[in-house]
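For reference, entry.txt is printed below; it contains compact mmCIF, C-alpha atoms.
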```txt
# COMPACT_ATOMS: atom_id res chain seq x y z
CA MET E 1 37.08 -10.10 43.58
CA LYS E 2 38.26 -7.23 41.52
CA LYS E 3 35.65 -4.69 40.58
CA LEU E 4 35.74 -3.67 36.99
CA PRO E 5 35.44 0.07 36.30
CA GLU E 6 32.05 1.41 35.12
CA HIS E 7 31.66 3.40 31.96
CA ASP E 8 28.93 5.89 31.25
CA PRO E 9 27.12 5.96 27.92
CA LYS E 10 26.97 8.97 25.70
CA GLN E 11 24.70 11.76 26.76
CA SER E 12 22.63 11.29 23.60
CA ALA E 13 21.97 7.61 24.38
CA TRP E 14 18.56 8.21 25.86
CA ASP E 15 17.52 10.40 22.98
CA ASP E 16 18.70 7.81 20.51
CA LEU E 17 16.72 5.17 22.34
CA MET E 18 13.64 7.33 22.25
CA LYS E 19 14.15 7.88 18.56
CA ARG E 20 14.13 4.14 18.01
CA ARG E 21 10.88 4.00 19.94
CA ASP E 22 9.32 5.88 17.11
CA PHE E 23 6.69 3.85 15.25
CA ASP E 24 8.31 4.02 11.81
CA SER E 25 11.72 2.99 13.14
CA GLN E 26 10.23 0.03 14.98
CA LEU E 27 8.25 -0.89 11.88
CA SER E 28 11.27 -0.91 9.60
CA GLY E 29 13.18 -2.88 12.21
CA HIS E 30 10.56 -5.59 12.61
CA LEU E 31 9.35 -6.03 9.03
CA PRO E 32 12.28 -8.21 7.90
CA ASN E 33 11.77 -10.37 10.99
CA LEU E 34 8.08 -11.07 10.65
CA PRO E 35 7.18 -14.64 11.62
CA GLN E 36 7.07 -17.15 8.78
CA TYR E 37 4.16 -19.41 8.01
CA PHE E 38 4.51 -22.82 6.43
CA PRO E 39 2.23 -24.70 4.03
CA LYS E 40 0.57 -28.04 4.65
CA ASP E 41 2.73 -31.16 4.58
CA ALA E 42 1.02 -32.42 1.42
CA ALA E 43 1.96 -29.26 -0.51
CA TRP E 44 4.88 -30.84 -2.35
CA GLU E 45 2.83 -33.89 -3.39
CA ARG E 46 0.14 -31.58 -4.73
CA ILE E 47 2.68 -29.55 -6.68
CA THR E 48 4.35 -32.61 -8.22
CA GLY E 49 0.96 -34.09 -9.06
CA GLU E 50 -0.02 -30.88 -10.83
CA LEU E 51 3.35 -30.72 -12.60
CA ASP E 52 2.97 -34.28 -13.88
CA ARG E 53 -0.54 -33.51 -15.07
CA LYS E 54 0.47 -30.32 -16.85
CA LYS E 55 3.66 -31.57 -18.44
CA ILE E 56 4.79 -29.09 -21.01
CA ILE E 57 4.72 -30.34 -24.56
CA PRO E 58 8.01 -29.23 -26.15
CA ILE E 59 7.67 -26.51 -28.75
CA TYR E 60 9.18 -28.65 -31.51
CA ILE E 61 6.47 -31.29 -30.95
CA ARG E 62 3.79 -28.61 -31.17
CA TRP E 63 5.29 -27.31 -34.38
CA GLY E 64 5.62 -30.85 -35.71
CA VAL E 65 1.96 -31.60 -35.04
CA ALA E 66 0.92 -28.31 -36.63
CA ALA E 67 3.10 -29.01 -39.69
CA ALA E 68 1.69 -32.53 -40.02
CA ILE E 69 -1.89 -31.25 -39.90
CA ALA E 70 -1.08 -28.52 -42.40
CA SER E 71 0.59 -30.98 -44.77
CA ILE E 72 -2.37 -33.40 -44.53
CA LEU E 73 -4.77 -30.58 -45.32
CA PHE E 74 -2.55 -29.39 -48.16
CA LEU E 75 -2.22 -32.85 -49.67
CA SER E 76 -5.93 -33.56 -49.33
CA GLY E 77 -6.60 -30.26 -51.08
CA ILE E 78 -4.20 -31.16 -53.90
CA THR E 79 -5.68 -34.63 -54.37
CA GLN E 80 -9.20 -33.22 -54.33
CA ASN E 81 -8.25 -30.66 -56.96
CA TRP E 82 -6.48 -33.35 -58.93
CA PHE E 83 -9.54 -35.59 -59.06
CA VAL E 84 -11.80 -32.69 -59.86
CA GLY E 85 -9.31 -31.64 -62.53
CA GLU E 86 -9.30 -35.17 -63.91
CA THR E 87 -13.07 -35.42 -64.11
CA GLN E 88 -13.76 -31.97 -65.52
CA PRO E 89 -11.71 -32.30 -68.74
CA LYS E 90 -13.27 -35.72 -69.33
CA LEU E 91 -16.70 -34.19 -69.17
CA ASN E 92 -15.72 -31.35 -71.44
CA GLN E 93 -13.71 -33.53 -73.76
CA GLY E 94 -16.76 -34.71 -75.62
CA TYR E 95 -17.94 -31.18 -76.16
CA ILE E 96 -14.47 -30.05 -77.22
CA SER E 97 -14.30 -32.85 -79.76
CA ILE E 98 -17.61 -31.69 -81.13
CA ASN E 99 -16.17 -28.24 -81.43
CA LYS E 100 -13.17 -29.68 -83.17
CA THR E 101 -15.36 -31.46 -85.73
CA GLU E 102 -17.31 -28.26 -86.20
CA ASN E 103 -14.07 -26.35 -86.62
CA GLN E 104 -12.98 -28.76 -89.26
CA ALA E 105 -16.27 -28.26 -91.00
CA THR E 106 -16.20 -24.48 -90.69
CA GLU E 107 -12.61 -24.14 -91.84
CA ASN E 108 -10.90 -23.76 -88.47
CA GLN E 109 -13.07 -20.99 -87.10
CA ILE E 110 -12.36 -20.47 -83.41
CA GLN E 111 -15.48 -20.79 -81.28
CA PRO E 112 -15.65 -19.47 -77.72
CA PHE E 113 -16.06 -22.15 -75.07
CA VAL E 114 -19.62 -22.08 -73.76
CA THR E 115 -20.21 -23.71 -70.45
CA HIS E 116 -24.01 -23.87 -70.67
CA PRO E 117 -24.92 -24.27 -74.31
CA ASP E 118 -28.43 -24.55 -75.63
CA PRO E 119 -29.53 -28.22 -75.86
CA GLY E 120 -30.79 -27.59 -79.37
CA ILE E 121 -27.35 -26.47 -80.50
CA ILE E 122 -25.79 -29.56 -78.95
CA SER E 123 -28.18 -31.85 -80.80
CA GLN E 124 -27.41 -30.00 -84.07
CA LYS E 125 -23.71 -30.33 -83.39
CA LEU E 126 -24.07 -34.00 -82.59
CA GLU E 127 -25.98 -34.52 -85.79
CA LYS E 128 -23.28 -32.68 -87.72
CA SER E 129 -20.52 -34.64 -86.06
CA SER E 130 -22.33 -37.91 -86.66
CA SER E 131 -22.76 -36.94 -90.29
CA GLU E 132 -19.02 -36.21 -90.44
CA PHE E 133 -18.25 -39.60 -89.01
CA SER E 134 -20.75 -41.22 -91.34
CA LYS E 135 -18.96 -39.67 -94.31
CA GLU E 136 -15.75 -41.34 -93.29
CA LYS E 137 -17.37 -44.77 -93.28
CA THR E 138 -17.52 -46.57 -96.60
CA THR E 139 -20.34 -49.01 -95.81
CA PRO E 140 -23.65 -47.46 -96.77
CA ARG E 141 -26.54 -47.77 -94.39
CA SER E 142 -29.89 -49.05 -95.42
CA GLU E 143 -32.55 -46.44 -95.20
CA ASP E 144 -35.35 -48.95 -94.55
CA VAL E 145 -37.37 -48.25 -91.48
CA ILE E 146 -37.46 -51.16 -89.12
CA GLU E 147 -40.79 -51.53 -87.52
CA VAL E 148 -40.96 -52.40 -83.87
CA PRO E 149 -43.34 -55.28 -83.29
CA LYS E 150 -46.30 -54.36 -81.12
CA ILE E 151 -46.43 -56.30 -77.90
CA THR E 152 -49.66 -56.41 -76.03
CA LEU E 153 -49.31 -56.89 -72.33
CA PRO E 154 -52.13 -58.32 -70.28
CA ALA E 155 -53.85 -55.81 -68.01
CA ILE E 156 -53.16 -56.36 -64.34
CA GLU E 157 -55.88 -55.69 -61.87
CA GLN E 158 -55.29 -52.98 -59.30
CA SER E 159 -55.89 -55.27 -56.34
CA HIS E 160 -53.10 -57.60 -57.54
CA THR E 161 -50.62 -54.81 -57.94
CA SER E 162 -51.24 -53.42 -54.45
CA LYS E 163 -50.64 -56.86 -52.98
CA LEU E 164 -47.40 -57.27 -54.87
CA SER E 165 -46.06 -53.95 -53.70
CA LEU E 166 -46.88 -54.79 -50.09
CA GLU E 167 -45.02 -58.08 -50.36
CA ILE E 168 -41.94 -56.34 -51.70
CA ILE E 169 -41.94 -53.88 -48.82
CA LYS E 170 -42.19 -56.72 -46.36
CA MET E 171 -39.26 -58.49 -47.95
CA GLU E 172 -37.15 -55.35 -47.80
CA THR E 173 -37.83 -54.92 -44.12
CA GLN E 174 -36.85 -58.51 -43.49
CA VAL E 175 -33.53 -58.00 -45.22
CA GLN E 176 -32.75 -54.83 -43.27
CA ALA E 177 -33.35 -56.45 -39.84
CA PRO E 178 -30.02 -57.08 -38.02
CA GLN E 179 -28.98 -60.61 -37.30
CA LYS E 180 -28.95 -61.54 -33.67
CA THR E 181 -25.75 -62.97 -32.33
CA LEU E 182 -24.20 -63.74 -28.97
CA HIS E 183 -20.64 -63.04 -30.00
CA GLN E 184 -18.73 -59.91 -29.13
CA VAL E 185 -15.13 -59.14 -29.98
CA SER E 186 -13.20 -56.64 -27.89
CA ILE E 187 -9.86 -55.44 -29.14
CA SER E 188 -7.80 -53.41 -26.69
CA TRP E 189 -4.25 -52.24 -26.60
CA SER E 190 -2.41 -50.61 -23.72
CA LYS E 191 0.72 -50.98 -21.62
CA ILE E 192 -1.20 -52.76 -18.89
CA LYS E 193 -3.34 -55.29 -20.73
CA PRO E 194 -2.68 -55.63 -24.41
CA GLY E 195 -4.47 -58.15 -26.57
CA ILE E 196 -7.69 -59.10 -28.24
CA GLN E 197 -10.58 -60.40 -26.19
CA LEU E 198 -13.50 -62.40 -27.44
CA LYS E 199 -16.60 -62.00 -25.32
CA THR E 200 -19.78 -63.99 -25.60
CA PRO E 201 -22.48 -62.17 -23.67
CA PHE E 202 -24.60 -65.12 -22.66
CA GLY E 203 -27.40 -64.14 -20.40
CA ARG E 204 -27.87 -60.72 -21.95
CA GLN E 205 -31.37 -59.58 -22.65
CA GLU E 206 -32.74 -59.79 -26.13
CA SER E 207 -32.97 -56.01 -26.32
CA GLU E 208 -29.22 -55.67 -25.77
CA LEU E 209 -28.43 -58.00 -28.64
CA GLY E 210 -28.30 -57.03 -32.25
CA GLN E 211 -26.82 -53.63 -31.55
CA LYS E 212 -24.56 -51.95 -34.05
CA SER E 213 -20.82 -52.47 -33.94
CA GLN E 214 -19.09 -49.68 -32.11
CA ALA E 215 -15.69 -48.49 -30.90
CA SER E 216 -15.32 -46.92 -27.49
CA LEU E 217 -12.57 -45.57 -25.26
CA ASP E 218 -12.58 -46.54 -21.62
CA GLN E 219 -11.13 -44.66 -18.60
CA ILE E 220 -7.62 -46.14 -18.75
CA GLY E 221 -7.22 -45.56 -22.42
CA HIS E 222 -8.31 -48.93 -23.83
CA VAL E 223 -9.94 -48.77 -27.20
CA ILE E 224 -12.69 -51.37 -27.33
CA LEU E 225 -14.13 -52.37 -30.66
CA GLU E 226 -17.38 -54.25 -30.28
CA LEU E 227 -18.48 -56.34 -33.22
CA HIS E 228 -21.94 -57.80 -32.96
CA ASN E 229 -22.06 -59.73 -36.20
CA MET B 17 20.53 -15.96 2.81
CA ILE B 18 18.52 -17.96 0.31
CA SER B 19 20.42 -16.43 -2.59
CA GLN B 20 23.67 -17.69 -1.09
CA LYS B 21 22.31 -21.24 -0.98
CA LEU B 22 21.25 -21.04 -4.61
CA ASP B 23 24.51 -22.02 -6.19
CA THR B 24 25.07 -22.29 -9.92
CA ASP B 25 24.85 -26.08 -9.85
CA LEU B 26 21.37 -25.99 -8.35
CA ILE B 27 20.22 -23.33 -10.80
CA SER B 28 21.51 -25.32 -13.78
CA LYS B 29 19.68 -28.41 -12.47
CA LEU B 30 16.53 -26.34 -12.03
CA LEU B 31 16.78 -25.09 -15.59
CA LYS B 32 16.94 -28.72 -16.73
CA GLY B 33 13.78 -29.49 -14.77
CA ASP B 34 15.48 -31.78 -12.26
CA ARG B 35 12.88 -32.91 -9.69
CA SER B 36 15.29 -33.19 -6.75
CA ALA B 37 16.56 -29.66 -7.42
CA GLN B 38 12.98 -28.46 -7.55
CA PHE B 39 12.32 -30.05 -4.19
CA GLN B 40 15.43 -28.41 -2.79
CA LEU B 41 14.23 -25.01 -3.98
CA PHE B 42 10.77 -25.69 -2.57
CA GLU B 43 12.19 -26.54 0.84
CA MET B 44 14.30 -23.40 0.81
CA THR B 45 11.57 -21.00 -0.21
CA LYS B 46 8.25 -22.49 0.91
CA GLY B 47 8.12 -20.48 4.17
CA MET B 48 8.90 -17.21 2.46
CA LEU B 49 6.36 -17.70 -0.34
CA PHE B 50 3.63 -19.16 1.84
CA SER B 51 3.93 -16.22 4.23
CA ILE B 52 3.28 -13.86 1.31
CA CYS B 53 0.28 -15.92 0.22
CA TYR B 54 -1.11 -16.15 3.72
CA ARG B 55 -0.71 -12.47 4.50
CA VAL B 56 -2.31 -11.34 1.24
CA THR B 57 -5.21 -13.81 1.21
CA ASN B 58 -5.62 -14.03 5.01
CA ASP B 59 -6.94 -17.57 4.51
CA GLU B 60 -4.92 -20.75 4.97
CA ASP B 61 -6.67 -22.87 2.32
CA GLU B 62 -6.55 -20.11 -0.26
CA ALA B 63 -2.90 -19.54 0.58
CA ASN B 64 -2.15 -23.24 -0.02
CA ASP B 65 -3.90 -23.12 -3.39
CA VAL B 66 -2.01 -19.98 -4.41
CA LEU B 67 1.29 -21.52 -3.31
CA GLN B 68 0.65 -24.63 -5.40
CA ASP B 69 -0.22 -22.59 -8.50
CA SER B 70 2.81 -20.39 -7.96
CA TYR B 71 5.28 -23.27 -7.74
CA VAL B 72 3.76 -24.97 -10.77
CA GLU B 73 4.21 -21.77 -12.78
CA ILE B 74 7.71 -21.23 -11.38
CA PHE B 75 8.87 -24.71 -12.38
CA GLN B 76 7.18 -24.62 -15.76
CA LYS B 77 8.55 -21.20 -16.71
CA MET B 78 11.96 -21.66 -15.18
CA HIS B 79 13.54 -21.97 -18.65
CA THR B 80 12.31 -18.45 -19.50
CA LEU B 81 14.32 -16.90 -16.66
CA ASN B 82 16.98 -14.72 -18.25
CA HIS B 83 18.77 -13.72 -15.06
CA PRO B 84 19.11 -16.67 -12.68
CA GLU B 85 20.49 -14.38 -9.99
CA ALA B 86 17.08 -12.75 -9.79
CA LEU B 87 15.35 -16.08 -9.18
CA ILE B 88 14.02 -15.26 -5.71
CA ALA B 89 12.65 -11.87 -6.72
CA TRP B 90 11.04 -13.50 -9.77
CA MET B 91 9.45 -16.19 -7.58
CA LYS B 92 8.13 -13.55 -5.20
CA THR B 93 6.62 -11.56 -8.07
CA ILE B 94 4.83 -14.62 -9.44
CA THR B 95 3.50 -15.51 -6.00
CA ILE B 96 2.30 -12.04 -5.06
CA ARG B 97 0.60 -11.63 -8.43
CA LYS B 98 -1.21 -14.91 -7.98
CA ALA B 99 -2.18 -14.06 -4.41
CA ILE B 100 -3.62 -10.71 -5.46
CA LEU B 101 -5.44 -12.31 -8.37
CA GLN B 102 -6.89 -14.89 -6.00
CA SER B 103 -8.13 -12.36 -3.46
CA ARG B 104 -8.99 -9.57 -5.89
CA LYS B 105 -12.71 -10.04 -5.36
CA LYS B 106 -12.20 -9.57 -1.64
CA ILE B 107 -9.97 -6.51 -1.92
CA HIS B 108 -11.96 -3.34 -1.31
CA PHE B 109 -10.51 0.07 -0.67
CA GLU B 110 -12.34 1.86 2.08
CA PRO B 111 -12.83 5.60 1.67
CA ILE B 112 -10.28 7.29 3.91
CA GLU B 113 -12.38 10.30 4.89
CA GLU B 114 -14.80 8.19 6.90
CA VAL B 115 -12.15 6.63 9.09
CA GLU B 116 -9.72 9.50 9.49
CA MET B 117 -7.18 8.74 12.18
CA GLU B 118 -5.31 10.94 14.58
CA SER B 119 -2.06 10.31 12.75
CA ASN B 120 -0.25 13.08 14.63
CA GLU B 121 -0.79 11.31 17.90
CA LYS B 122 2.61 10.35 19.35
CA PHE B 123 3.35 6.67 19.53
CA ASP B 124 5.45 5.79 22.57
CA SER B 125 5.33 2.03 23.04
CA TRP B 126 7.60 -0.86 22.31
CA PHE B 127 6.29 -3.69 20.23
CA ASP B 128 7.73 -6.81 18.64
CA ALA B 129 7.44 -8.57 15.27
CA GLU B 130 4.75 -10.99 16.51
CA MET B 131 2.54 -8.12 17.57
CA LEU B 132 3.14 -6.32 14.31
CA ASP B 133 2.18 -9.43 12.36
CA GLN B 134 -1.04 -9.75 14.33
CA ALA B 135 -1.87 -6.11 13.62
CA ILE B 136 -1.09 -6.50 9.89
CA ARG B 137 -3.45 -9.47 9.60
CA SER B 138 -6.23 -7.42 11.20
CA LEU B 139 -6.01 -4.68 8.56
CA PRO B 140 -8.74 -4.29 5.91
CA ASN B 141 -7.95 -6.25 2.71
CA GLY B 142 -7.18 -3.25 0.50
CA ALA B 143 -4.96 -1.42 2.98
CA ARG B 144 -3.21 -4.68 3.91
CA ALA B 145 -2.44 -5.48 0.27
CA VAL B 146 -0.92 -2.03 -0.31
CA PHE B 147 1.05 -2.17 2.95
CA LEU B 148 2.45 -5.63 2.19
CA MET B 149 3.43 -4.73 -1.35
CA ILE B 150 5.15 -1.49 -0.51
CA GLU B 151 6.52 -1.92 3.01
CA VAL B 152 7.18 -5.67 3.07
CA GLU B 153 7.94 -6.57 -0.55
CA GLY B 154 9.49 -3.26 -1.56
CA TYR B 155 7.34 -2.43 -4.59
CA SER B 156 6.94 1.17 -5.68
CA HIS B 157 3.58 2.92 -5.51
CA LYS B 158 3.38 2.75 -9.30
CA GLU B 159 3.96 -1.01 -9.40
CA ALA B 160 1.54 -1.65 -6.55
CA ALA B 161 -1.11 0.52 -8.18
CA GLU B 162 -0.74 -1.36 -11.46
CA LEU B 163 -1.00 -4.75 -9.80
CA LEU B 164 -4.00 -3.78 -7.70
CA GLY B 165 -5.73 -1.82 -10.43
CA ILE B 166 -5.80 1.47 -8.54
CA SER B 167 -4.26 4.91 -8.98
CA GLU B 168 -0.95 5.89 -7.41
CA SER B 169 -2.66 8.44 -5.17
CA THR B 170 -5.01 5.75 -3.88
CA SER B 171 -2.00 3.56 -3.17
CA LYS B 172 -0.35 6.36 -1.17
CA SER B 173 -3.45 7.19 0.80
CA GLN B 174 -4.10 3.50 1.52
CA LEU B 175 -0.55 3.07 2.83
CA HIS B 176 -0.97 6.06 5.15
CA TYR B 177 -4.29 4.66 6.28
CA ALA B 178 -2.75 1.22 6.92
CA LYS B 179 0.02 2.71 9.06
CA SER B 180 -2.46 4.76 11.08
CA LEU B 181 -4.57 1.68 11.68
CA LEU B 182 -1.50 -0.34 12.68
CA LYS B 183 -0.58 2.24 15.31
CA LYS B 184 -4.08 2.11 16.70
CA ARG B 185 -4.27 -1.70 16.69
CA ILE B 186 -0.84 -2.15 18.29
CA THR B 187 -1.73 0.32 21.02
CA LYS B 188 -4.89 -1.69 21.65
CA LEU B 189 -2.93 -4.92 21.76
CA LEU B 190 -0.47 -3.42 24.24
CA GLN B 191 -3.29 -2.24 26.47
CA ALA B 192 -5.03 -5.64 26.44
```
Show this structure as structure tokens.
Amino acid sequence: MKKLPEHDPKQSAWDDLMKRRDFDSQLSGHLPNLPQYFPKDAAWERITGELDRKKIIPIYIRWGVAAAIASILFLSGITQNWFVGETQPKLNQGYISINKTENQATENQIQPFVTHPDPGIISQKLEKSSSEFSKEKTTPRSEDVIEVPKITLPAIEQSHTSKLSLEIIKMETQVQAPQKTLHQVSISWSKIKPGIQLKTPFGRQESELGQKSQASLDQIGHVILELHN
Amino acid sequence: MISQKLDTDLISKLLKGDRSAQFQLFEMTKGMLFSICYRVTNDEDEANDVLQDSYVEIFQKMHTLNHPEALIAWMKTITIRKAILQSRKKIHFEPIEEVEMESNEKFDSWFDAEMLDQAIRSLPNGARAVFLMIEVEGYSHKEAAELLGISESTSKSQLHYAKSLLKKRITKLLQA
């Protein structure tokens, strides 16, 4: 067997080795090779579950919803103002017409619009306007005073009146009492179980019956409308 | 290595929110990110929670990434921020004066990465956080100080303190 020749290292080899023994050199050498740790096996399922739960709503949908709400509010504001605007001139119209008649009488003198006029002035104005209208009519009115016939009503005893009032109250309470029924209608719509269900809760206690109709939302998103009438 | 595997096709799929591409990225990076979480929090359950939150944020904000080539660094930043936020209540910075070390003492022992990892995990929370951010993740003192809510000088002194403690703990481990 042939012996291969030996080679000696550099004289500085030992010193270089000792330099690498230095703490900082060893630290920088080992830091990139630190052992890795791994998460639990269910980590991916947890992440996907969380991602599905927190699905991002696209920005255009958000803007669309915001615009829809804003437009609804805007339109409701317009319609409200419109109705208020419709009612207000109607209320003032009568007063304006009075002013007009007065203006005609006072040779087109412009009167400032008073929002809260004195009731006495209004009555005077009404009288004036009525007199104006009366002038236009050709048929003269009779100035005879029509007497109202006196009607004497029989006096009712206090005991009778109290009884009557009690009876009325009783009748009112009877009308207000809800009608008892055993029928219940449930309307639900969903991907799983769409349709309308009619339930008849036989065997329920009397206290459960006669409840008000109500709509409720269950856990899987069904909207249940309960009608008890 | 990971950056090489992240080809343009995978990145484009990730940007579209493709679930299989997301899984591929998770498989590639889970060890790296979980190690960060685990070393910062020093608690396995907390680390799992932080990892989950980090990946959810990564996948949700993927479309905001302007430079896809910086994906890994971006993922690391998100994870380390979340880990620090999670363990912020636990992070306390011990006053250095009380535990002054003989830092000039010559260290003449060989140690390996396993031993170093053991010593890192035994460090106090504050010093460990600074050491991991600067020495392992490559943050500057300024960045680390901002993230941890401390001054730059505190960051420097905590790093020095962490290194001194590591020397001491490794020497102890070698003697055991």
Between CA of Ala37 (chain B) and CA of Lys40 (chain E), what is the distance, to one decimal in Å? 20.1 Å
Specify as a ChimeraX atom specification all residues of chain B found within 6 Å of chain E, counting all atoms listed in the file. /B:47,50-51,68,129
Work out how far CA of Ile52 (chain B) is from CA of Leu163 (chain B), in Å to one decimal.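 These atoms are spaced 15.0 Å apart.
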CA of Leu81 (chain B) and CA of Leu49 (chain B) are how many Å apart?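 Separating CA of Leu81 (chain B) from CA of Leu49 (chain B) is a distance of 18.2 Å.
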Select, from B:Ala86, B:Val56, B:Leu189, B:Ala63, the residue with the minimum atom-to-atom distance to Asn141 (chain B), counting all atoms listed in the file.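 Looking only at the distances to Asn141 (chain B), the closest residue turns out to be B:Val56.
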From B:Thr45, B:Gln38, B:Asp133, B:Thr80, residue lying nearest Thr95 (chain B) [all atoms listed in the file]: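 Of the candidates, the smallest distance to Thr95 (chain B) is held by B:Thr45.
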Might you pull out every residue within 12 Å of Ala160 (chain B), with all atoms listed in the file counted and same-chain residues fewer than 6 positions away left off, and present them as JSON, numbers by chain? {"B": [93, 96, 97, 100, 142, 143, 144, 145, 146, 147, 148, 149, 150, 151, 152, 153, 154, 166, 167, 168, 169, 170, 171, 172, 174, 175]}
Selected residues, C-alpha atoms, written as an mmCIF file, keeping the file's coordinate frame, please.
```cif
data_model
loop_
_atom_site.group_PDB
_atom_site.id
_atom_site.type_symbol
_atom_site.label_atom_id
_atom_site.label_comp_id
_atom_site.auth_asym_id
_atom_site.auth_seq_id
_atom_site.Cartn_x
_atom_site.Cartn_y
_atom_site.Cartn_z
ATOM 1 C CA THR B 93 6.620 -11.560 -8.070
ATOM 2 C CA ILE B 96 2.300 -12.040 -5.060
ATOM 3 C CA ARG B 97 0.600 -11.630 -8.430
ATOM 4 C CA ILE B 100 -3.620 -10.710 -5.460
ATOM 5 C CA GLY B 142 -7.180 -3.250 0.500
ATOM 6 C CA ALA B 143 -4.960 -1.420 2.980
ATOM 7 C CA ARG B 144 -3.210 -4.680 3.910
ATOM 8 C CA ALA B 145 -2.440 -5.480 0.270
ATOM 9 C CA VAL B 146 -0.920 -2.030 -0.310
ATOM 10 C CA PHE B 147 1.050 -2.170 2.950
ATOM 11 C CA LEU B 148 2.450 -5.630 2.190
ATOM 12 C CA MET B 149 3.430 -4.730 -1.350
ATOM 13 C CA ILE B 150 5.150 -1.490 -0.510
ATOM 14 C CA GLU B 151 6.520 -1.920 3.010
ATOM 15 C CA VAL B 152 7.180 -5.670 3.070
ATOM 16 C CA GLU B 153 7.940 -6.570 -0.550
ATOM 17 C CA GLY B 154 9.490 -3.260 -1.560
ATOM 18 C CA ILE B 166 -5.800 1.470 -8.540
ATOM 19 C CA SER B 167 -4.260 4.910 -8.980
ATOM 20 C CA GLU B 168 -0.950 5.890 -7.410
ATOM 21 C CA SER B 169 -2.660 8.440 -5.170
ATOM 22 C CA THR B 170 -5.010 5.750 -3.880
ATOM 23 C CA SER B 171 -2.000 3.560 -3.170
ATOM 24 C CA LYS B 172 -0.350 6.360 -1.170
ATOM 25 C CA GLN B 174 -4.100 3.500 1.520
ATOM 26 C CA LEU B 175 -0.550 3.070 2.830
#
```
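Minimum atom-to-atom distances from B:Asp61, B:Ala89, B:Ser36, B:His108 to Tyr155 (chain B) were compared using all atoms listed in the file, and the lowest value belongs to B:Ala89.
Residues in contact with Leu30 (chain B) at up to 10 Å, not including ones fewer than 6 positions away on its chain and judged by all atoms listed in the file, are Thr24, Ser36, Ala37, Gln38, Phe39, Gln40, Leu41, Phe75, Met78 and His79 of chain B.
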